[in-house]
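With PDB, C-alpha atoms, pLDDT in the B column inside, this is start25.pdb:
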ATOM      1  CA  GLU V   1       0.000   0.000   0.000  1.00 71.00           C
ATOM      2  CA  CYS V   2       2.816   2.418   0.872  1.00 80.00           C
ATOM      3  CA  GLY V   3       4.352   1.980  -2.572  1.00 86.00           C
ATOM      4  CA  ARG V   4       1.101   2.640  -4.407  1.00 89.00           C
ATOM      5  CA  ILE V   5       0.506   5.752  -2.306  1.00 90.00           C
ATOM      6  CA  LEU V   6       4.059   6.970  -2.888  1.00 91.00           C
ATOM      7  CA  LYS V   7       3.704   6.505  -6.644  1.00 92.00           C
ATOM      8  CA  THR V   8       0.388   8.388  -6.623  1.00 92.00           C
ATOM      9  CA  LEU V   9       1.783  11.251  -4.540  1.00 93.00           C
ATOM     10  CA  ARG V  10       4.846  11.461  -6.789  1.00 90.00           C
ATOM     11  CA  GLY V  11       2.492  12.133  -9.699  1.00 92.00           C
ATOM     12  CA  LYS V  12       4.261  13.174 -12.884  1.00 93.00           C
ATOM     13  CA  ARG V  13       7.573  13.789 -11.172  1.00 93.00           C
ATOM     14  CA  SER V  14      10.140  11.241 -12.264  1.00 95.00           C
ATOM     15  CA  ARG V  15      12.003   9.037  -9.812  1.00 95.00           C
ATOM     16  CA  ARG V  16      15.169  10.745 -11.006  1.00 96.00           C
ATOM     17  CA  GLU V  17      13.728  14.163 -10.139  1.00 96.00           C
ATOM     18  CA  ILE V  18      12.811  12.968  -6.641  1.00 95.00           C
ATOM     19  CA  SER V  19      16.238  11.344  -6.245  1.00 96.00           C
ATOM     20  CA  ASP V  20      17.971  14.574  -7.336  1.00 96.00           C
ATOM     21  CA  MET V  21      15.865  16.664  -4.945  1.00 96.00           C
ATOM     22  CA  LEU V  22      16.722  14.290  -2.111  1.00 95.00           C
ATOM     23  CA  PHE V  23      20.417  14.571  -2.956  1.00 95.00           C
ATOM     24  CA  GLU V  24      20.160  18.379  -2.902  1.00 95.00           C
ATOM     25  CA  ALA V  25      18.577  18.055   0.555  1.00 94.00           C
ATOM     26  CA  GLY V  26      21.538  15.964   1.717  1.00 95.00           C
ATOM     27  CA  VAL V  27      19.788  12.589   1.547  1.00 94.00           C
ATOM     28  CA  GLU V  28      21.175   9.863  -0.683  1.00 94.00           C
ATOM     29  CA  CYS V  29      18.455   7.837  -2.367  1.00 93.00           C
ATOM     30  CA  SER V  30      18.720   6.227  -5.767  1.00 94.00           C
ATOM     31  CA  GLN V  31      16.002   6.037  -8.391  1.00 95.00           C
ATOM     32  CA  GLU V  32      16.236   2.272  -7.976  1.00 95.00           C
ATOM     33  CA  TYR V  33      15.464   2.476  -4.251  1.00 93.00           C
ATOM     34  CA  ILE V  34      12.437   4.674  -4.990  1.00 94.00           C
ATOM     35  CA  ARG V  35      11.309   2.102  -7.577  1.00 94.00           C
ATOM     36  CA  LYS V  36      11.702  -0.674  -5.011  1.00 93.00           C
ATOM     37  CA  LEU V  37       9.705   1.335  -2.458  1.00 91.00           C
ATOM     38  CA  GLU V  38       6.929   1.904  -4.987  1.00 91.00           C
ATOM     39  CA  ASN V  39       6.811  -1.746  -5.992  1.00 92.00           C
ATOM     40  CA  GLY V  40       7.017  -3.142  -2.467  1.00 88.00           C
ATOM     41  CA  GLU V  41      10.423  -4.699  -3.168  1.00 91.00           C
ATOM     42  CA  ALA V  42      12.518  -2.787  -0.638  1.00 87.00           C
ATOM     43  CA  ALA V  43      13.843  -5.021   2.132  1.00 82.00           C
ATOM     44  CA  SER V  44      13.550  -2.155   4.598  1.00 81.00           C
ATOM     45  CA  VAL V  45      12.291   1.390   4.638  1.00 81.00           C
ATOM     46  CA  SER V  46      14.547   4.166   5.836  1.00 81.00           C
ATOM     47  CA  THR V  47      12.707   6.638   8.063  1.00 83.00           C
ATOM     48  CA  LYS V  48      15.182   9.321   7.020  1.00 89.00           C
ATOM     49  CA  ILE V  49      14.387   8.779   3.331  1.00 90.00           C
ATOM     50  CA  ILE V  50      10.610   8.555   3.789  1.00 89.00           C
ATOM     51  CA  THR V  51      10.675  11.730   5.898  1.00 90.00           C
ATOM     52  CA  ALA V  52      12.697  13.550   3.236  1.00 93.00           C
ATOM     53  CA  ILE V  53      10.412  12.293   0.448  1.00 93.00           C
ATOM     54  CA  ALA V  54       7.384  13.511   2.406  1.00 92.00           C
ATOM     55  CA  GLN V  55       8.970  16.955   2.743  1.00 94.00           C
ATOM     56  CA  ILE V  56       9.739  17.091  -0.971  1.00 94.00           C
ATOM     57  CA  LEU V  57       6.196  16.026  -1.872  1.00 94.00           C
ATOM     58  CA  ASP V  58       4.828  18.485   0.732  1.00 93.00           C
ATOM     59  CA  VAL V  59       2.856  15.816   2.582  1.00 93.00           C
ATOM     60  CA  GLU V  60       2.963  14.325   6.062  1.00 88.00           C
ATOM     61  CA  MET V  61       4.887  11.070   6.445  1.00 84.00           C
ATOM     62  CA  ILE V  62       1.697   9.391   7.685  1.00 84.00           C
ATOM     63  CA  GLU V  63       0.136  10.096   4.257  1.00 87.00           C
ATOM     64  CA  ILE V  64       2.800   7.927   2.633  1.00 86.00           C
ATOM     65  CA  MET V  65       2.761   5.282   5.349  1.00 82.00           C
ATOM     66  CA  PRO V  66      -0.730   5.269   6.898  1.00 79.00           C
ATOM     67  CA  ASP V  67      -0.035   2.033   8.795  1.00 74.00           C
ATOM     68  CA  LEU V  68       3.104   3.418  10.433  1.00 64.00           C
ATOM     69  CA  ARG V  69       3.390   2.643  14.111  1.00 61.00           C
ATOM     70  CA  VAL V  70       6.116   4.072  16.283  1.00 58.00           C
ATOM     71  CA  GLU V  71       6.923   2.443  19.579  1.00 59.00           C
ATOM     72  CA  PHE V  72       8.729   4.164  22.412  1.00 59.00           C
ATOM     73  CA  SER V  73      10.254   2.633  25.462  1.00 70.00           C
ATOM     74  CA  LYS V  74       8.932   3.918  28.793  1.00 72.00           C
ATOM     75  CA  LYS V  75      12.289   5.596  29.389  1.00 73.00           C
ATOM     76  CA  THR V  76      12.156   7.460  26.055  1.00 72.00           C
ATOM     77  CA  LEU V  77       8.553   8.503  26.606  1.00 70.00           C
ATOM     78  CA  TYR V  78       9.390   9.733  30.129  1.00 70.00           C
ATOM     79  CA  SER V  79      12.353  11.746  28.769  1.00 74.00           C
ATOM     80  CA  CYS V  80      10.162  13.330  26.093  1.00 72.00           C
ATOM     81  CA  CYS V  81       7.547  14.297  28.692  1.00 75.00           C
ATOM     82  CA  ILE V  82      10.175  15.878  30.937  1.00 76.00           C
ATOM     83  CA  LEU V  83      11.626  17.831  28.024  1.00 74.00           C
ATOM     84  CA  TYR V  84       8.161  18.987  26.961  1.00 73.00           C
ATOM     85  CA  PHE V  85       7.318  20.252  30.438  1.00 76.00           C
ATOM     86  CA  GLU V  86      10.698  21.975  30.748  1.00 75.00           C
ATOM     87  CA  LEU V  87       9.978  23.812  27.498  1.00 76.00           C
ATOM     88  CA  LEU V  88       6.645  24.981  28.881  1.00 74.00           C
ATOM     89  CA  LEU V  89       8.313  26.634  31.880  1.00 66.00           C
TER      90      LEU V  89
END

Could you quickly redo this structure as structure tokens?
Amino acid sequence: ECGRILKTLRGKRSRREISDMLFEAGVECSQEYIRKLENGEAASVSTKIITAIAQILDVEMIEIMPDLRVEFSKKTLYSCCILYFELLL
């Protein structure tokens, strides 16, 4: 599903154009990797690349990967809460 959505969001932009834009943003991603993502052939999905693609396509990452689930350890969640409250003060 992610691949189909990515291909739809990419629209008429070529994989090469997306790859070049990623490179300009400091993210290495080949046209071949984008093809593999779109066709569901990628062994893994890089969060860094998907985040950068989302920025280039001007969409939220969740639009590309609607089934995305992020898990945090209790320690990480606690640290985030502390940081958030410190920022509020």

Pick out the residues sitting within 9 Å of stretch 31-37 of chain V, and hand them over as a ChimeraX atom specification; count all atoms listed in the file, and ignore anything fewer than 2 positions along from it in its own chain.
/V:2-4,6-7,14-20,29,39-45

V:Val27 environment, 9 Å, only C-alpha atoms, sequence neighbours closer than 6 positions dropped, as a PyMOL selection string:
chain V and resi 19+21+48-49+52

With distances taken over only C-alpha atoms, which of V:Leu87, V:Ile50, V:Arg13, V:Lys75 is nearest to V:Glu63?
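Counting only C-alpha atoms, the residue closest to V:Glu63 is V:Ile50.
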
note - atom CA of V:Thr8 and atom CA of V:Leu22 are separated by 17.9 Å

Assuming 4 Å of padding per side, give the centre and edge lengths of the axis-aligned box around every listed atom of stretch 81-85 of chain V, in Å to one decimal and as lines of an AutoDock Vina configuration file.
center_x = 9.5
center_y = 17.3
center_z = 28.9
size_x = 12.3
size_y = 14.0
size_z = 12.0

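From atom CA of V:Ile5 back to atom CA of V:Ile64, the distance works out to 5.9 Å.
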
Atom CA of V:Tyr84 to atom CA of V:Gly26: how many Å, to one decimal?
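Result for atom CA of V:Tyr84 versus atom CA of V:Gly26: 28.7 Å, one decimal.
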
Since the input is missing atoms for stretch 37-48 of chain V, could you rebuild it with all heavy atoms and give the result as a CSV table (one decimal), keeping the file's coordinate frame?
chain,number,residue,atom,x,y,z
V,37,LEU,N,10.7,0.9,-3.4
V,37,LEU,CA,9.7,1.3,-2.5
V,37,LEU,C,8.3,1.3,-3.1
V,37,LEU,O,7.4,0.8,-2.5
V,37,LEU,CB,10.0,2.8,-2.0
V,37,LEU,CG,11.1,2.9,-1.0
V,37,LEU,CD1,11.4,4.4,-0.7
V,37,LEU,CD2,10.9,2.2,0.3
V,38,GLU,N,8.2,1.8,-4.3
V,38,GLU,CA,6.9,1.9,-5.0
V,38,GLU,C,6.4,0.5,-5.3
V,38,GLU,O,5.2,0.3,-5.4
V,38,GLU,CB,7.0,2.8,-6.3
V,38,GLU,CG,7.3,4.2,-6.0
V,38,GLU,CD,7.4,5.1,-7.2
V,38,GLU,OE1,7.6,4.5,-8.3
V,38,GLU,OE2,7.4,6.3,-7.1
V,39,ASN,N,7.2,-0.4,-5.6
V,39,ASN,CA,6.8,-1.7,-6.0
V,39,ASN,C,6.8,-2.7,-4.8
V,39,ASN,O,6.6,-3.9,-5.1
V,39,ASN,CB,7.7,-2.3,-7.1
V,39,ASN,CG,7.5,-1.5,-8.4
V,39,ASN,OD1,6.4,-1.1,-8.7
V,39,ASN,ND2,8.6,-1.2,-9.1
V,40,GLY,N,7.0,-2.3,-3.6
V,40,GLY,CA,7.0,-3.1,-2.5
V,40,GLY,C,8.2,-4.1,-2.4
V,40,GLY,O,8.1,-5.2,-1.8
V,41,GLU,N,9.3,-3.8,-3.1
V,41,GLU,CA,10.4,-4.7,-3.2
V,41,GLU,C,11.6,-4.3,-2.2
V,41,GLU,O,12.5,-5.1,-2.1
V,41,GLU,CB,11.0,-4.7,-4.6
V,41,GLU,CG,10.0,-5.2,-5.6
V,41,GLU,CD,10.4,-4.9,-7.1
V,41,GLU,OE1,11.5,-4.4,-7.3
V,41,GLU,OE2,9.7,-5.3,-8.0
V,42,ALA,N,11.4,-3.2,-1.5
V,42,ALA,CA,12.5,-2.8,-0.6
V,42,ALA,C,12.5,-3.7,0.6
V,42,ALA,O,11.5,-3.9,1.2
V,42,ALA,CB,12.3,-1.3,-0.2
V,43,ALA,N,13.7,-4.1,1.0
V,43,ALA,CA,13.8,-5.0,2.1
V,43,ALA,C,13.5,-4.3,3.4
V,43,ALA,O,13.0,-4.8,4.4
V,43,ALA,CB,15.3,-5.6,2.2
V,44,SER,N,13.8,-3.0,3.4
V,44,SER,CA,13.6,-2.2,4.6
V,44,SER,C,13.2,-0.7,4.1
V,44,SER,O,13.5,-0.4,3.0
V,44,SER,CB,14.7,-2.1,5.6
V,44,SER,OG,15.9,-1.5,4.9
V,45,VAL,N,12.6,0.0,5.0
V,45,VAL,CA,12.3,1.4,4.6
V,45,VAL,C,13.0,2.3,5.6
V,45,VAL,O,12.9,2.2,6.8
V,45,VAL,CB,10.8,1.6,4.7
V,45,VAL,CG1,10.4,3.0,4.4
V,45,VAL,CG2,10.0,0.6,3.8
V,46,SER,N,13.8,3.2,5.0
V,46,SER,CA,14.5,4.2,5.8
V,46,SER,C,13.6,5.3,6.3
V,46,SER,O,13.0,6.0,5.4
V,46,SER,CB,15.7,4.7,5.0
V,46,SER,OG,16.2,5.9,5.6
V,47,THR,N,13.5,5.5,7.6
V,47,THR,CA,12.7,6.6,8.1
V,47,THR,C,13.2,8.0,7.6
V,47,THR,O,12.5,8.9,7.2
V,47,THR,CB,12.7,6.6,9.6
V,47,THR,OG1,12.3,5.3,10.0
V,47,THR,CG2,11.8,7.7,10.2
V,48,LYS,N,14.6,8.1,7.5
V,48,LYS,CA,15.2,9.3,7.0
V,48,LYS,C,14.8,9.6,5.6
V,48,LYS,O,14.4,10.7,5.2
V,48,LYS,CB,16.7,9.2,7.1
V,48,LYS,CG,17.5,10.4,6.6
V,48,LYS,CD,19.0,10.2,6.8
V,48,LYS,CE,19.7,11.5,6.3
V,48,LYS,NZ,21.2,11.3,6.5
